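Novice: Below you will find the structure I want to go over with you.
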Amino acid sequence: MNTTKIISKIFNSRLKEIDRYATHAGELQQAALARLVRTAKDTEWGKKFDYQSIRNYEDFSNRVPIQGYEEIKPYVERLWAGEQNLLWPSRIRWFAKSSGTTNDKSKFLPVSNDALKDIHYKGGTDAVAIYLRNNPDSHFFSGKGLIMGGSLAPNLNSHHTQVGDLSAILIKNVSPLVNMIRVPSKEIALMSEWESKIEAIANSTIKSDITSISGVPSWMLVLIKRILEKTGKNSLEEVWPNLEVFFHGGVSFTPYKEQFTQVIRRPDMRYVETYNASEGYFGTQDDPSDPSMLLMIDYGIFYEFIPLEDVEKEHPRIHPLEQIELHKNYAIVISTSCGLWRYMIGDTVRFISRDPYKFVITGRTKHFINAFGEELIVDNAEKGLARACLETGAQVSEYSAAPVFMDQEAKCRHQWLIEFARMPDSIDKFAATLDATLKEVNSDYEAKRWKDIALQPLEVIVARQNLFHDWLKQKGKLGGQHKIPRLSNTREYIEDMLILNK
């Protein structure tokens with residue numbers, strides 16, 4: 001008997017609600033906004049902006065300014081010290097360490113119990129529901145799910161709060177029912193020393209019957225390779241024969257896809273992208289043949305979008321969901337049941353369809369190169385690298401790129417530091433293909449590269465093995481949701497990496 005087929009029926013009513021995304025998006029979003037404003041009207045923030053008298057989106061948008069972390073930081077510090085009812089009425093006991101930065105300054109975002117329930121856990125449940133609808137013959141619940149998370153630490157200013165990666169907060173508070181089908185144990189999952197954690201996870205799960213894995217691709221790949229080393233097996237299905245799906249997020253899967261097909265060789269292995277950030281759960285891939293994600297619009301989140309070209313403007317254009325244009329890059333602005341109000345999270349997306357609204361992540365507002373007017377974003381970079389790998393037989397493990405503003409010959413260019421899992425048959429061909437593809441997908445880059453006048457051909461520097469791992473370790477950023485800055489408009493990151501590469 002396939003128990004998964006029986007259990008999956010409990011998701012039917014929820015799937016009907018998700019189907020309404022295609023016909024009632026505006027209504028669902030307006031209801032989310034009204035619920036958020038109504039709930040927070042008696043908080044300090046709600047009183048400051050007179051939430052009691054807000055009747056519609058126009059009132060809300062005219063009254064509440066766009067926020068960055070610096071604007072909410074004074075409230076976060078007070079919450080950190082134990083004050084309550086500032087941004088959201090329910091008690092704030094958890095702070096998620098920002099996953100969007102790799103520099104020495106960290107951002108700490110409040111996480112309410114309401115948000116855990118109506119955003120993060122709801123998102124995880126919906127991801128499973130959608131997966132099971134797409135795969136009716138799944139045996140998902142016949143085994144265990146391996147979930148890789150970060151770590152937690154006590155807040156020294158308060159005995160009642162903790163801080164850590166969002167993934168660790170989720171594991172710490174997860175339902176006992178979910179704990180019955182999840183590995184590793186909480187004790188191992190919340191270990192803070194990452195290299196010891198990898199070893200402990202491998203040792204404790206090798207003999208488990210794993211049917212699903214969830215986590216950031218880069219760190220999951222580290223775990224899988226360690227498991228294969230310890231077992232002497234060639235592929236993961238030899239260790240876990242019932243493994244069927246990898247729920248991944250946090251970084252683009254494109255650079256890792258081919259590497260996963262080498263360590264998981266079963267042809268029917270499924271991969272599902274999710275978008276669960278420290279600030280909220282925003283999207284789930286609902287069609288295996290379509291890389292875009294479904295925007296989850298009936299959670300405790302209200303969405304707004306700023307055109308990417310307006311992000312640095314004093315008075316940017318700001319649009320609710322119904323006013324977005326397809327195939328245009330936007331910075332995401334959210335209001336949530338964590339008490340984040342009109343908060344720019346730093347990610348950029350491009351919508352590829354309406355009815356329902358589906359999108360792809362295109363990068364970050366701070367992770368781009370526009371030193372010469374080329375406006376290169378991560379989405380461009382991923383497409384260029386994919387083409388270069390295809391034409392040269394290469395595999396990219398990690399990469400980071402930055403501008404060279406002017407060398408000794410007064411030449412400007414982009415410098416790419418790339419760690420290869422498999423070297424290209426020619427570095428020169430790889431660089432030329434990458435450069436040519438960037439011209440194809442980005443007209444601004446093409447214009448700046450015209451006749452090599454403003455911008456010279458890009459430069460590829462081969463990174464030694466484990467360079468990016470060592471850089472993260474040096475920064476105290478191993479594991480969890482920490483990421484390599486793919487593109488930077490300054491040389492802040494790449495200079496440190498180049499020193500380590502010597």
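Ordering of the structure tokens sets the chain letters (A, B, ...); residue numbers start at 1 within each chain; ligands are numbered from 1 in the order shown.
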Please identify all polymer residues within 12 Å of Ser218 (chain A), counting only C-alpha atoms, omitting same-chain residues fewer than 6 positions from it, and present them as an mmCIF file with all heavy atoms, in the first residue's frame.
Specialist:
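Result file part_35.cif:
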```cif
data_model
loop_
_atom_site.group_PDB
_atom_site.id
_atom_site.type_symbol
_atom_site.label_atom_id
_atom_site.label_comp_id
_atom_site.auth_asym_id
_atom_site.auth_seq_id
_atom_site.Cartn_x
_atom_site.Cartn_y
_atom_site.Cartn_z
ATOM 1 N N MET A 148 18.825 20.194 5.806
ATOM 2 C CA MET A 148 20.047 20.841 6.282
ATOM 3 C C MET A 148 19.718 22.265 6.710
ATOM 4 O O MET A 148 19.139 23.037 5.961
ATOM 5 C CB MET A 148 21.112 20.874 5.186
ATOM 6 C CG MET A 148 21.711 19.535 4.875
ATOM 7 S SD MET A 148 23.113 19.686 3.733
ATOM 8 C CE MET A 148 24.319 20.482 4.788
ATOM 9 N N ILE A 224 26.754 15.459 0.274
ATOM 10 C CA ILE A 224 26.627 14.275 -0.583
ATOM 11 C C ILE A 224 28.002 13.699 -0.909
ATOM 12 O O ILE A 224 28.219 12.478 -0.840
ATOM 13 C CB ILE A 224 25.868 14.624 -1.873
ATOM 14 C CG1 ILE A 224 24.399 14.930 -1.557
ATOM 15 C CG2 ILE A 224 25.963 13.481 -2.884
ATOM 16 C CD1 ILE A 224 23.615 15.460 -2.744
ATOM 17 N N LYS A 225 28.943 14.558 -1.247
ATOM 18 C CA LYS A 225 30.291 14.069 -1.578
ATOM 19 C C LYS A 225 30.942 13.405 -0.371
ATOM 20 O O LYS A 225 31.659 12.403 -0.514
ATOM 21 C CB LYS A 225 31.139 15.230 -2.094
ATOM 22 C CG LYS A 225 30.723 15.705 -3.486
ATOM 23 C CD LYS A 225 31.586 16.852 -3.983
ATOM 24 C CE LYS A 225 31.198 17.253 -5.401
ATOM 25 N NZ LYS A 225 32.014 18.388 -5.920
ATOM 26 N N HIS A 248 15.344 22.675 -3.219
ATOM 27 C CA HIS A 248 16.526 23.517 -3.098
ATOM 28 C C HIS A 248 16.172 24.985 -3.174
ATOM 29 O O HIS A 248 15.143 25.376 -3.739
ATOM 30 C CB HIS A 248 17.555 23.162 -4.174
ATOM 31 C CG HIS A 248 17.045 23.335 -5.571
ATOM 32 N ND1 HIS A 248 17.087 24.547 -6.242
ATOM 33 C CD2 HIS A 248 16.478 22.458 -6.436
ATOM 34 C CE1 HIS A 248 16.579 24.395 -7.454
ATOM 35 N NE2 HIS A 248 16.186 23.141 -7.604
ATOM 36 N N GLY A 249 17.026 25.827 -2.626
ATOM 37 C CA GLY A 249 16.838 27.270 -2.663
ATOM 38 C C GLY A 249 18.049 27.952 -2.070
ATOM 39 O O GLY A 249 19.018 27.315 -1.666
ATOM 40 N N GLY A 250 17.994 29.265 -2.016
ATOM 41 C CA GLY A 250 19.084 30.028 -1.419
ATOM 42 C C GLY A 250 20.065 30.571 -2.427
ATOM 43 O O GLY A 250 20.520 31.706 -2.307
ATOM 44 N N VAL A 251 20.424 29.778 -3.430
ATOM 45 C CA VAL A 251 21.297 30.214 -4.518
ATOM 46 C C VAL A 251 20.777 29.601 -5.810
ATOM 47 O O VAL A 251 19.996 28.643 -5.795
ATOM 48 C CB VAL A 251 22.771 29.784 -4.304
ATOM 49 C CG1 VAL A 251 23.346 30.405 -3.041
ATOM 50 C CG2 VAL A 251 22.903 28.265 -4.250
ATOM 51 N N SER A 252 21.192 30.157 -6.926
ATOM 52 C CA SER A 252 20.796 29.605 -8.216
ATOM 53 C C SER A 252 21.281 28.162 -8.349
ATOM 54 O O SER A 252 22.409 27.829 -7.996
ATOM 55 C CB SER A 252 21.386 30.445 -9.352
ATOM 56 O OG SER A 252 21.207 29.792 -10.598
ATOM 57 N N PHE A 253 20.411 27.307 -8.883
ATOM 58 C CA PHE A 253 20.760 25.900 -9.054
ATOM 59 C C PHE A 253 21.581 25.663 -10.313
ATOM 60 O O PHE A 253 22.236 24.624 -10.448
ATOM 61 C CB PHE A 253 19.470 25.074 -9.108
ATOM 62 C CG PHE A 253 19.684 23.589 -8.999
ATOM 63 C CD1 PHE A 253 20.392 23.053 -7.941
ATOM 64 C CD2 PHE A 253 19.173 22.728 -9.965
ATOM 65 C CE1 PHE A 253 20.595 21.673 -7.831
ATOM 66 C CE2 PHE A 253 19.360 21.359 -9.868
ATOM 67 C CZ PHE A 253 20.073 20.829 -8.800
ATOM 68 N N THR A 254 21.580 26.635 -11.222
ATOM 69 C CA THR A 254 22.217 26.450 -12.530
ATOM 70 C C THR A 254 23.672 25.993 -12.449
ATOM 71 O O THR A 254 24.054 25.028 -13.126
ATOM 72 C CB THR A 254 22.119 27.736 -13.370
ATOM 73 O OG1 THR A 254 20.746 28.096 -13.521
ATOM 74 C CG2 THR A 254 22.750 27.548 -14.741
ATOM 75 N N PRO A 255 24.547 26.626 -11.634
ATOM 76 C CA PRO A 255 25.944 26.189 -11.620
ATOM 77 C C PRO A 255 26.148 24.793 -11.034
ATOM 78 O O PRO A 255 27.198 24.193 -11.231
ATOM 79 C CB PRO A 255 26.632 27.240 -10.729
ATOM 80 C CG PRO A 255 25.704 28.398 -10.684
ATOM 81 C CD PRO A 255 24.339 27.814 -10.804
ATOM 82 N N TYR A 256 25.156 24.282 -10.322
ATOM 83 C CA TYR A 256 25.322 23.013 -9.616
ATOM 84 C C TYR A 256 24.582 21.855 -10.280
ATOM 85 O O TYR A 256 24.786 20.697 -9.919
ATOM 86 C CB TYR A 256 24.813 23.147 -8.173
ATOM 87 C CG TYR A 256 25.459 24.276 -7.416
ATOM 88 C CD1 TYR A 256 24.797 25.484 -7.241
ATOM 89 C CD2 TYR A 256 26.741 24.140 -6.889
ATOM 90 C CE1 TYR A 256 25.393 26.528 -6.563
ATOM 91 C CE2 TYR A 256 27.339 25.187 -6.203
ATOM 92 C CZ TYR A 256 26.669 26.379 -6.042
ATOM 93 O OH TYR A 256 27.260 27.419 -5.376
ATOM 94 N N LYS A 257 23.725 22.151 -11.245
ATOM 95 C CA LYS A 257 22.829 21.132 -11.794
ATOM 96 C C LYS A 257 23.588 19.926 -12.334
ATOM 97 O O LYS A 257 23.258 18.778 -12.021
ATOM 98 C CB LYS A 257 21.951 21.740 -12.885
ATOM 99 C CG LYS A 257 20.882 20.794 -13.402
ATOM 100 C CD LYS A 257 19.926 21.497 -14.359
ATOM 101 C CE LYS A 257 18.823 20.573 -14.815
ATOM 102 N NZ LYS A 257 17.865 21.260 -15.733
ATOM 103 N N GLN A 259 26.600 18.949 -11.671
ATOM 104 C CA GLN A 259 27.295 18.240 -10.599
ATOM 105 C C GLN A 259 26.346 17.316 -9.841
ATOM 106 O O GLN A 259 26.733 16.220 -9.430
ATOM 107 C CB GLN A 259 27.935 19.238 -9.644
ATOM 108 C CG GLN A 259 29.047 20.053 -10.281
ATOM 109 C CD GLN A 259 29.658 21.039 -9.315
ATOM 110 O OE1 GLN A 259 30.324 20.648 -8.355
ATOM 111 N NE2 GLN A 259 29.428 22.322 -9.549
ATOM 112 N N PHE A 260 25.101 17.741 -9.661
ATOM 113 C CA PHE A 260 24.131 16.881 -8.990
ATOM 114 C C PHE A 260 23.796 15.661 -9.829
ATOM 115 O O PHE A 260 23.593 14.568 -9.289
ATOM 116 C CB PHE A 260 22.865 17.672 -8.639
ATOM 117 C CG PHE A 260 22.919 18.315 -7.283
ATOM 118 C CD1 PHE A 260 23.446 19.585 -7.129
ATOM 119 C CD2 PHE A 260 22.484 17.645 -6.153
ATOM 120 C CE1 PHE A 260 23.530 20.181 -5.878
ATOM 121 C CE2 PHE A 260 22.545 18.219 -4.900
ATOM 122 C CZ PHE A 260 23.066 19.495 -4.753
ATOM 123 N N VAL A 396 31.299 24.673 -13.367
ATOM 124 C CA VAL A 396 31.661 25.733 -12.429
ATOM 125 C C VAL A 396 31.175 25.366 -11.045
ATOM 126 O O VAL A 396 29.989 25.055 -10.850
ATOM 127 C CB VAL A 396 31.038 27.079 -12.870
ATOM 128 C CG1 VAL A 396 31.239 28.145 -11.801
ATOM 129 C CG2 VAL A 396 31.652 27.528 -14.190
ATOM 130 N N SER A 397 32.082 25.398 -10.068
ATOM 131 C CA SER A 397 31.695 25.166 -8.674
ATOM 132 C C SER A 397 31.207 26.458 -8.043
ATOM 133 O O SER A 397 30.126 26.520 -7.472
ATOM 134 C CB SER A 397 32.875 24.614 -7.865
ATOM 135 O OG SER A 397 33.252 23.349 -8.302
ATOM 136 N N GLU A 398 32.033 27.497 -8.109
ATOM 137 C CA GLU A 398 31.699 28.797 -7.530
ATOM 138 C C GLU A 398 32.329 29.888 -8.401
ATOM 139 O O GLU A 398 33.284 29.626 -9.145
ATOM 140 C CB GLU A 398 32.240 28.932 -6.106
ATOM 141 C CG GLU A 398 31.748 27.889 -5.123
ATOM 142 C CD GLU A 398 30.302 28.086 -4.703
ATOM 143 O OE1 GLU A 398 29.696 29.101 -5.130
ATOM 144 O OE2 GLU A 398 29.770 27.234 -3.976
ATOM 145 N N TYR A 399 31.808 31.099 -8.250
ATOM 146 C CA TYR A 399 32.403 32.209 -8.992
ATOM 147 C C TYR A 399 32.051 33.522 -8.325
ATOM 148 O O TYR A 399 31.097 33.639 -7.553
ATOM 149 C CB TYR A 399 31.926 32.216 -10.446
ATOM 150 C CG TYR A 399 30.495 32.667 -10.631
ATOM 151 C CD1 TYR A 399 30.185 34.012 -10.886
ATOM 152 C CD2 TYR A 399 29.438 31.759 -10.544
ATOM 153 C CE1 TYR A 399 28.872 34.425 -11.042
ATOM 154 C CE2 TYR A 399 28.124 32.164 -10.700
ATOM 155 C CZ TYR A 399 27.853 33.498 -10.951
ATOM 156 O OH TYR A 399 26.547 33.908 -11.095
ATOM 157 N N PHE A 468 36.763 29.372 -2.416
ATOM 158 C CA PHE A 468 35.578 30.058 -1.896
ATOM 159 C C PHE A 468 35.167 29.496 -0.536
ATOM 160 O O PHE A 468 34.698 30.233 0.326
ATOM 161 C CB PHE A 468 34.438 29.974 -2.911
ATOM 162 C CG PHE A 468 34.702 30.773 -4.152
ATOM 163 C CD1 PHE A 468 35.264 30.196 -5.279
ATOM 164 C CD2 PHE A 468 34.418 32.130 -4.183
ATOM 165 C CE1 PHE A 468 35.520 30.944 -6.413
ATOM 166 C CE2 PHE A 468 34.676 32.891 -5.313
ATOM 167 C CZ PHE A 468 35.235 32.298 -6.432
ATOM 168 N N HIS A 469 35.362 28.206 -0.347
ATOM 169 C CA HIS A 469 35.140 27.598 0.969
ATOM 170 C C HIS A 469 36.054 28.249 1.997
ATOM 171 O O HIS A 469 35.619 28.625 3.099
ATOM 172 C CB HIS A 469 35.402 26.091 0.889
ATOM 173 C CG HIS A 469 35.336 25.385 2.207
ATOM 174 N ND1 HIS A 469 36.394 25.376 3.106
ATOM 175 C CD2 HIS A 469 34.342 24.654 2.785
ATOM 176 C CE1 HIS A 469 36.054 24.670 4.169
ATOM 177 N NE2 HIS A 469 34.814 24.221 4.003
ATOM 178 N N LEU A 478 30.807 29.892 7.115
ATOM 179 C CA LEU A 478 30.589 28.557 6.566
ATOM 180 C C LEU A 478 29.174 28.080 6.880
ATOM 181 O O LEU A 478 28.669 28.274 7.984
ATOM 182 C CB LEU A 478 31.587 27.556 7.152
ATOM 183 C CG LEU A 478 32.963 27.445 6.498
ATOM 184 C CD1 LEU A 478 33.744 26.322 7.142
ATOM 185 C CD2 LEU A 478 32.855 27.224 5.001
ATOM 186 N N GLY A 479 28.550 27.427 5.893
ATOM 187 C CA GLY A 479 27.301 26.722 6.121
ATOM 188 C C GLY A 479 26.086 27.609 6.164
ATOM 189 O O GLY A 479 26.103 28.787 5.830
ATOM 190 N N GLY A 480 24.983 26.978 6.601
ATOM 191 C CA GLY A 480 23.717 27.701 6.704
ATOM 192 C C GLY A 480 23.293 28.272 5.369
ATOM 193 O O GLY A 480 23.362 27.628 4.337
ATOM 194 N N GLN A 481 22.881 29.540 5.393
ATOM 195 C CA GLN A 481 22.382 30.183 4.179
ATOM 196 C C GLN A 481 23.376 31.205 3.632
ATOM 197 O O GLN A 481 23.016 32.054 2.830
ATOM 198 C CB GLN A 481 21.043 30.857 4.478
ATOM 199 C CG GLN A 481 19.940 29.869 4.817
ATOM 200 C CD GLN A 481 18.691 30.562 5.307
ATOM 201 O OE1 GLN A 481 18.689 31.245 6.315
ATOM 202 N NE2 GLN A 481 17.611 30.384 4.578
ATOM 203 N N HIS A 482 24.623 31.126 4.056
ATOM 204 C CA HIS A 482 25.621 32.083 3.594
ATOM 205 C C HIS A 482 25.986 31.798 2.138
ATOM 206 O O HIS A 482 26.096 30.653 1.715
ATOM 207 C CB HIS A 482 26.874 32.021 4.478
ATOM 208 C CG HIS A 482 26.593 32.359 5.910
ATOM 209 N ND1 HIS A 482 26.051 33.558 6.295
ATOM 210 C CD2 HIS A 482 26.768 31.647 7.046
ATOM 211 C CE1 HIS A 482 25.912 33.578 7.609
ATOM 212 N NE2 HIS A 482 26.330 32.431 8.083
ATOM 213 N N LYS A 483 26.198 32.874 1.395
ATOM 214 C CA LYS A 483 26.399 32.743 -0.046
ATOM 215 C C LYS A 483 27.626 33.532 -0.491
ATOM 216 O O LYS A 483 28.023 34.504 0.143
ATOM 217 C CB LYS A 483 25.181 33.280 -0.808
ATOM 218 C CG LYS A 483 23.835 32.791 -0.321
ATOM 219 C CD LYS A 483 22.736 33.421 -1.146
ATOM 220 C CE LYS A 483 21.360 33.101 -0.589
ATOM 221 N NZ LYS A 483 21.020 33.950 0.552
ATOM 222 N N ILE A 484 28.164 33.107 -1.629
ATOM 223 C CA ILE A 484 29.226 33.859 -2.287
ATOM 224 C C ILE A 484 28.602 35.041 -3.020
ATOM 225 O O ILE A 484 27.597 34.882 -3.718
ATOM 226 C CB ILE A 484 29.965 32.963 -3.305
ATOM 227 C CG1 ILE A 484 30.563 31.732 -2.613
ATOM 228 C CG2 ILE A 484 31.044 33.756 -4.037
ATOM 229 C CD1 ILE A 484 31.616 32.052 -1.585
#
```
Novice: For Ala388 (chain A), find every residue with an atom within 6 Å (counting only C-alpha atoms), except residues of its own chain fewer than 5 positions away, and show them as number ranges by chain.
Specialist: A: 430, 433-434
Novice: Put those residues in a file: N, CA and C atoms, as a compact mmCIF listing (two decimals), in the first residue's frame.
Specialist:
```
# COMPACT_ATOMS: atom_id res chain seq x y z
N PHE A 430 36.38 29.57 -23.17
CA PHE A 430 35.37 29.76 -22.12
C PHE A 430 35.09 31.26 -21.93
N THR A 433 33.28 32.78 -24.97
CA THR A 433 31.87 32.37 -25.03
C THR A 433 31.06 33.11 -23.98
N LEU A 434 31.62 33.21 -22.78
CA LEU A 434 30.94 33.96 -21.70
C LEU A 434 30.72 35.40 -22.14
```
Novice: Excluding region 440-448 of chain A and any residue of its chain fewer than 6 positions from it, enumerate the residues within 7 Å of it, using only C-alpha atoms, and give them as a PyMOL selection string.
Specialist: chain A and resi 373-376+380+454-455
Novice: Would you export the selected residues with N, CA and C atoms as a CSV table (one decimal), in the first residue's frame, please?
Specialist:
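Wrote it out as out.csv, contents follow:
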```csv
chain,number,residue,atom,x,y,z
A,373,GLY,N,28.0,51.5,-16.9
A,373,GLY,CA,26.7,51.6,-17.5
A,373,GLY,C,26.2,50.3,-18.1
A,374,GLU,N,26.9,49.1,-17.8
A,374,GLU,CA,26.5,47.9,-18.4
A,374,GLU,C,25.4,47.2,-17.7
A,375,GLU,N,25.0,47.5,-16.5
A,375,GLU,CA,23.9,46.9,-15.8
A,375,GLU,C,23.8,45.4,-15.9
A,376,LEU,N,24.9,44.8,-15.5
A,376,LEU,CA,25.0,43.3,-15.6
A,376,LEU,C,24.4,42.7,-14.3
A,380,ASN,N,22.0,37.4,-16.0
A,380,ASN,CA,22.8,37.5,-17.2
A,380,ASN,C,24.1,36.5,-17.0
A,454,ALA,N,34.8,51.2,-24.5
A,454,ALA,CA,34.6,51.5,-23.1
A,454,ALA,C,35.0,50.4,-22.2
A,455,LEU,N,34.8,49.2,-22.7
A,455,LEU,CA,35.0,48.0,-21.9
A,455,LEU,C,35.8,46.9,-22.7
```
Novice: Can you check which parts of region 222-329 of chain A lie within 12 Å of region 167-183 of chain A? Per residue, the shortest pair of atoms and distance in Å to one decimal, counting only C-alpha atoms, sorted by chain and number, as a tab-separated table.
Specialist:
```
residue	atom	partner	partner_atom	distance
A:Gly249	CA	A:Ser167	CA	11.3
A:Gly250	CA	A:Ser167	CA	10.7
A:Asn276	CA	A:Ser167	CA	9.0
A:Ala277	CA	A:Ser167	CA	9.0
A:Ser278	CA	A:Ser167	CA	8.3
A:Glu279	CA	A:Ser167	CA	11.6
A:Gly280	CA	A:Ser167	CA	11.3
A:Tyr281	CA	A:Ser167	CA	11.5
```
Novice: List every residue of region 275-393 of chain A that has an atom at most 6 Å from any atom of region 114-131 of chain A, and for each one report the closest atom pair and its distance in Å to one decimal, counting only C-alpha atoms, with rows sorted by chain and then by increasing residue number, as a Markdown table.
Specialist:
```
| residue | atom | partner | partner_atom | distance |
| --- | --- | --- | --- | --- |
| A:Tyr281 | CA | A:His120 | CA | 5.4 |
| A:Tyr299 | CA | A:Ile119 | CA | 5.5 |
| A:Gly300 | CA | A:Asp118 | CA | 5.8 |
| A:Ser337 | CA | A:Ala115 | CA | 5.3 |
| A:Cys338 | CA | A:Ala115 | CA | 5.7 |
```
Novice: Measuring atom to atom with only C-alpha atoms, identify which of A:Ser90, A:Gln465, A:Gln474, A:Gln323 is nearest to Ala25 (chain A).
Specialist: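 Checking each of A:Ser90, A:Gln465, A:Gln474, A:Gln323 against Ala25 (chain A), counting only C-alpha atoms, the winner is A:Gln323.
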Novice: Do a neighbour search on Pro403 (chain A) at 8 Å with only C-alpha atoms, toss out local chain neighbours closer than 2 positions, and write the hits as a PDB file with N, CA, C and O atoms, in the first residue's frame.
Specialist:
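Produced file part.pdb, reproduced below:
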```pdb
ATOM      1  N   ILE A 369      26.924  44.463 -11.545  1.00  0.00           N
ATOM      2  CA  ILE A 369      28.050  45.286 -11.983  1.00  0.00           C
ATOM      3  C   ILE A 369      27.497  46.360 -12.919  1.00  0.00           C
ATOM      4  O   ILE A 369      26.925  46.051 -13.959  1.00  0.00           O
ATOM      5  N   ALA A 371      29.561  49.399 -13.341  1.00  0.00           N
ATOM      6  CA  ALA A 371      30.668  50.349 -13.218  1.00  0.00           C
ATOM      7  C   ALA A 371      30.809  51.224 -14.453  1.00  0.00           C
ATOM      8  O   ALA A 371      31.339  52.340 -14.380  1.00  0.00           O
ATOM      9  N   ALA A 401      32.529  37.928  -9.589  1.00  0.00           N
ATOM     10  CA  ALA A 401      33.041  38.838 -10.613  1.00  0.00           C
ATOM     11  C   ALA A 401      32.952  40.277 -10.132  1.00  0.00           C
ATOM     12  O   ALA A 401      32.072  40.634  -9.342  1.00  0.00           O
ATOM     13  N   PHE A 405      38.599  48.813 -12.867  1.00  0.00           N
ATOM     14  CA  PHE A 405      38.240  50.154 -13.321  1.00  0.00           C
ATOM     15  C   PHE A 405      39.251  50.733 -14.305  1.00  0.00           C
ATOM     16  O   PHE A 405      38.896  51.387 -15.266  1.00  0.00           O
ATOM     17  N   CYS A 412      39.691  49.058 -19.057  1.00  0.00           N
ATOM     18  CA  CYS A 412      38.658  48.659 -18.105  1.00  0.00           C
ATOM     19  C   CYS A 412      38.048  47.328 -18.560  1.00  0.00           C
ATOM     20  O   CYS A 412      37.887  47.095 -19.757  1.00  0.00           O
ATOM     21  N   ARG A 413      37.693  46.497 -17.613  1.00  0.00           N
ATOM     22  CA  ARG A 413      37.122  45.196 -17.967  1.00  0.00           C
ATOM     23  C   ARG A 413      36.437  44.597 -16.743  1.00  0.00           C
ATOM     24  O   ARG A 413      36.511  45.140 -15.641  1.00  0.00           O
ATOM     25  N   HIS A 414      35.793  43.457 -16.954  1.00  0.00           N
ATOM     26  CA  HIS A 414      35.256  42.661 -15.861  1.00  0.00           C
ATOM     27  C   HIS A 414      36.233  41.521 -15.572  1.00  0.00           C
ATOM     28  O   HIS A 414      36.784  40.918 -16.505  1.00  0.00           O
ATOM     29  N   GLN A 415      36.391  41.233 -14.298  1.00  0.00           N
ATOM     30  CA  GLN A 415      37.298  40.168 -13.877  1.00  0.00           C
ATOM     31  C   GLN A 415      36.472  39.087 -13.194  1.00  0.00           C
ATOM     32  O   GLN A 415      35.746  39.360 -12.229  1.00  0.00           O
ATOM     33  N   SER A 488      29.763  42.013  -7.931  1.00  0.00           N
ATOM     34  CA  SER A 488      29.940  43.166  -7.044  1.00  0.00           C
ATOM     35  C   SER A 488      30.351  44.366  -7.877  1.00  0.00           C
ATOM     36  O   SER A 488      31.149  44.242  -8.815  1.00  0.00           O
ATOM     37  N   ASN A 489      29.830  45.512  -7.512  1.00  0.00           N
ATOM     38  CA  ASN A 489      30.155  46.733  -8.239  1.00  0.00           C
ATOM     39  C   ASN A 489      31.441  47.368  -7.732  1.00  0.00           C
ATOM     40  O   ASN A 489      31.887  48.386  -8.255  1.00  0.00           O
ATOM     41  N   THR A 490      32.038  46.775  -6.696  1.00  0.00           N
ATOM     42  CA  THR A 490      33.327  47.224  -6.179  1.00  0.00           C
ATOM     43  C   THR A 490      34.263  46.018  -6.134  1.00  0.00           C
ATOM     44  O   THR A 490      33.858  44.890  -6.420  1.00  0.00           O
ATOM     45  N   ARG A 491      35.487  46.250  -5.735  1.00  0.00           N
ATOM     46  CA  ARG A 491      36.463  45.163  -5.640  1.00  0.00           C
ATOM     47  C   ARG A 491      36.656  44.700  -4.192  1.00  0.00           C
ATOM     48  O   ARG A 491      37.633  44.028  -3.862  1.00  0.00           O
TER      49      ARG A 491
END
```
Novice: Please determine, counting only C-alpha atoms, which residue among A:Glu238, A:Glu419, A:Asp59, A:Asp298 has the shortest atom-to-atom distance to Ala394 (chain A).
Specialist: A:Glu419
Novice: Using CA of Ser292 (chain A) and CA of Val360 (chain A) as the two end points, give the distance in Å to one decimal.
Specialist: 5.0 Å
Novice: If we count only C-alpha atoms, what is near Asp19 (chain A) at a cut-off of 10 Å, once residues fewer than 5 positions away on the same chain are taken out, given as an NGL selection string?
Specialist: :A and (14 or 24 or 355-356)
Novice: Create the file for the chosen residues now, containing all heavy atoms and written as a compact mmCIF listing (two decimals), in the first residue's frame.
Specialist:
```txt
# COMPACT_ATOMS: atom_id res chain seq x y z
N ARG A 14 -6.37 22.51 0.24
CA ARG A 14 -5.37 23.58 0.11
C ARG A 14 -5.01 23.81 -1.35
O ARG A 14 -4.85 24.95 -1.79
CB ARG A 14 -4.12 23.23 0.93
CG ARG A 14 -2.98 24.23 0.77
CD ARG A 14 -3.40 25.64 1.11
NE ARG A 14 -2.35 26.62 0.79
CZ ARG A 14 -2.57 27.90 0.58
NH1 ARG A 14 -3.81 28.38 0.65
NH2 ARG A 14 -1.58 28.72 0.29
N HIS A 24 -7.89 35.17 -8.69
CA HIS A 24 -8.23 36.10 -7.62
C HIS A 24 -6.99 36.73 -6.98
O HIS A 24 -6.99 37.04 -5.80
CB HIS A 24 -9.04 35.38 -6.54
CG HIS A 24 -10.39 34.92 -6.98
ND1 HIS A 24 -10.58 33.82 -7.78
CD2 HIS A 24 -11.64 35.43 -6.75
CE1 HIS A 24 -11.86 33.65 -8.00
NE2 HIS A 24 -12.53 34.62 -7.40
N ASP A 355 -1.74 35.14 -13.99
CA ASP A 355 -2.88 34.18 -13.97
C ASP A 355 -2.44 32.73 -14.02
O ASP A 355 -2.87 32.00 -14.92
CB ASP A 355 -3.83 34.48 -15.13
CG ASP A 355 -4.28 35.93 -15.16
OD1 ASP A 355 -4.44 36.51 -14.06
OD2 ASP A 355 -4.46 36.47 -16.26
N PRO A 356 -1.61 32.25 -13.14
CA PRO A 356 -1.10 32.90 -11.94
C PRO A 356 0.21 33.65 -12.18
O PRO A 356 0.86 33.47 -13.23
CB PRO A 356 -0.89 31.73 -11.00
CG PRO A 356 -0.48 30.61 -11.91
CD PRO A 356 -1.29 30.81 -13.17
```
Novice: Which residues are near Leu228 (chain A)? Cut-off 12 Å, only C-alpha atoms, ignore same chain within fewer than 2 positions. Put them as a PyMOL selection string.
Specialist: chain A and resi 199+202-203+206+221-226+230-240+262-264
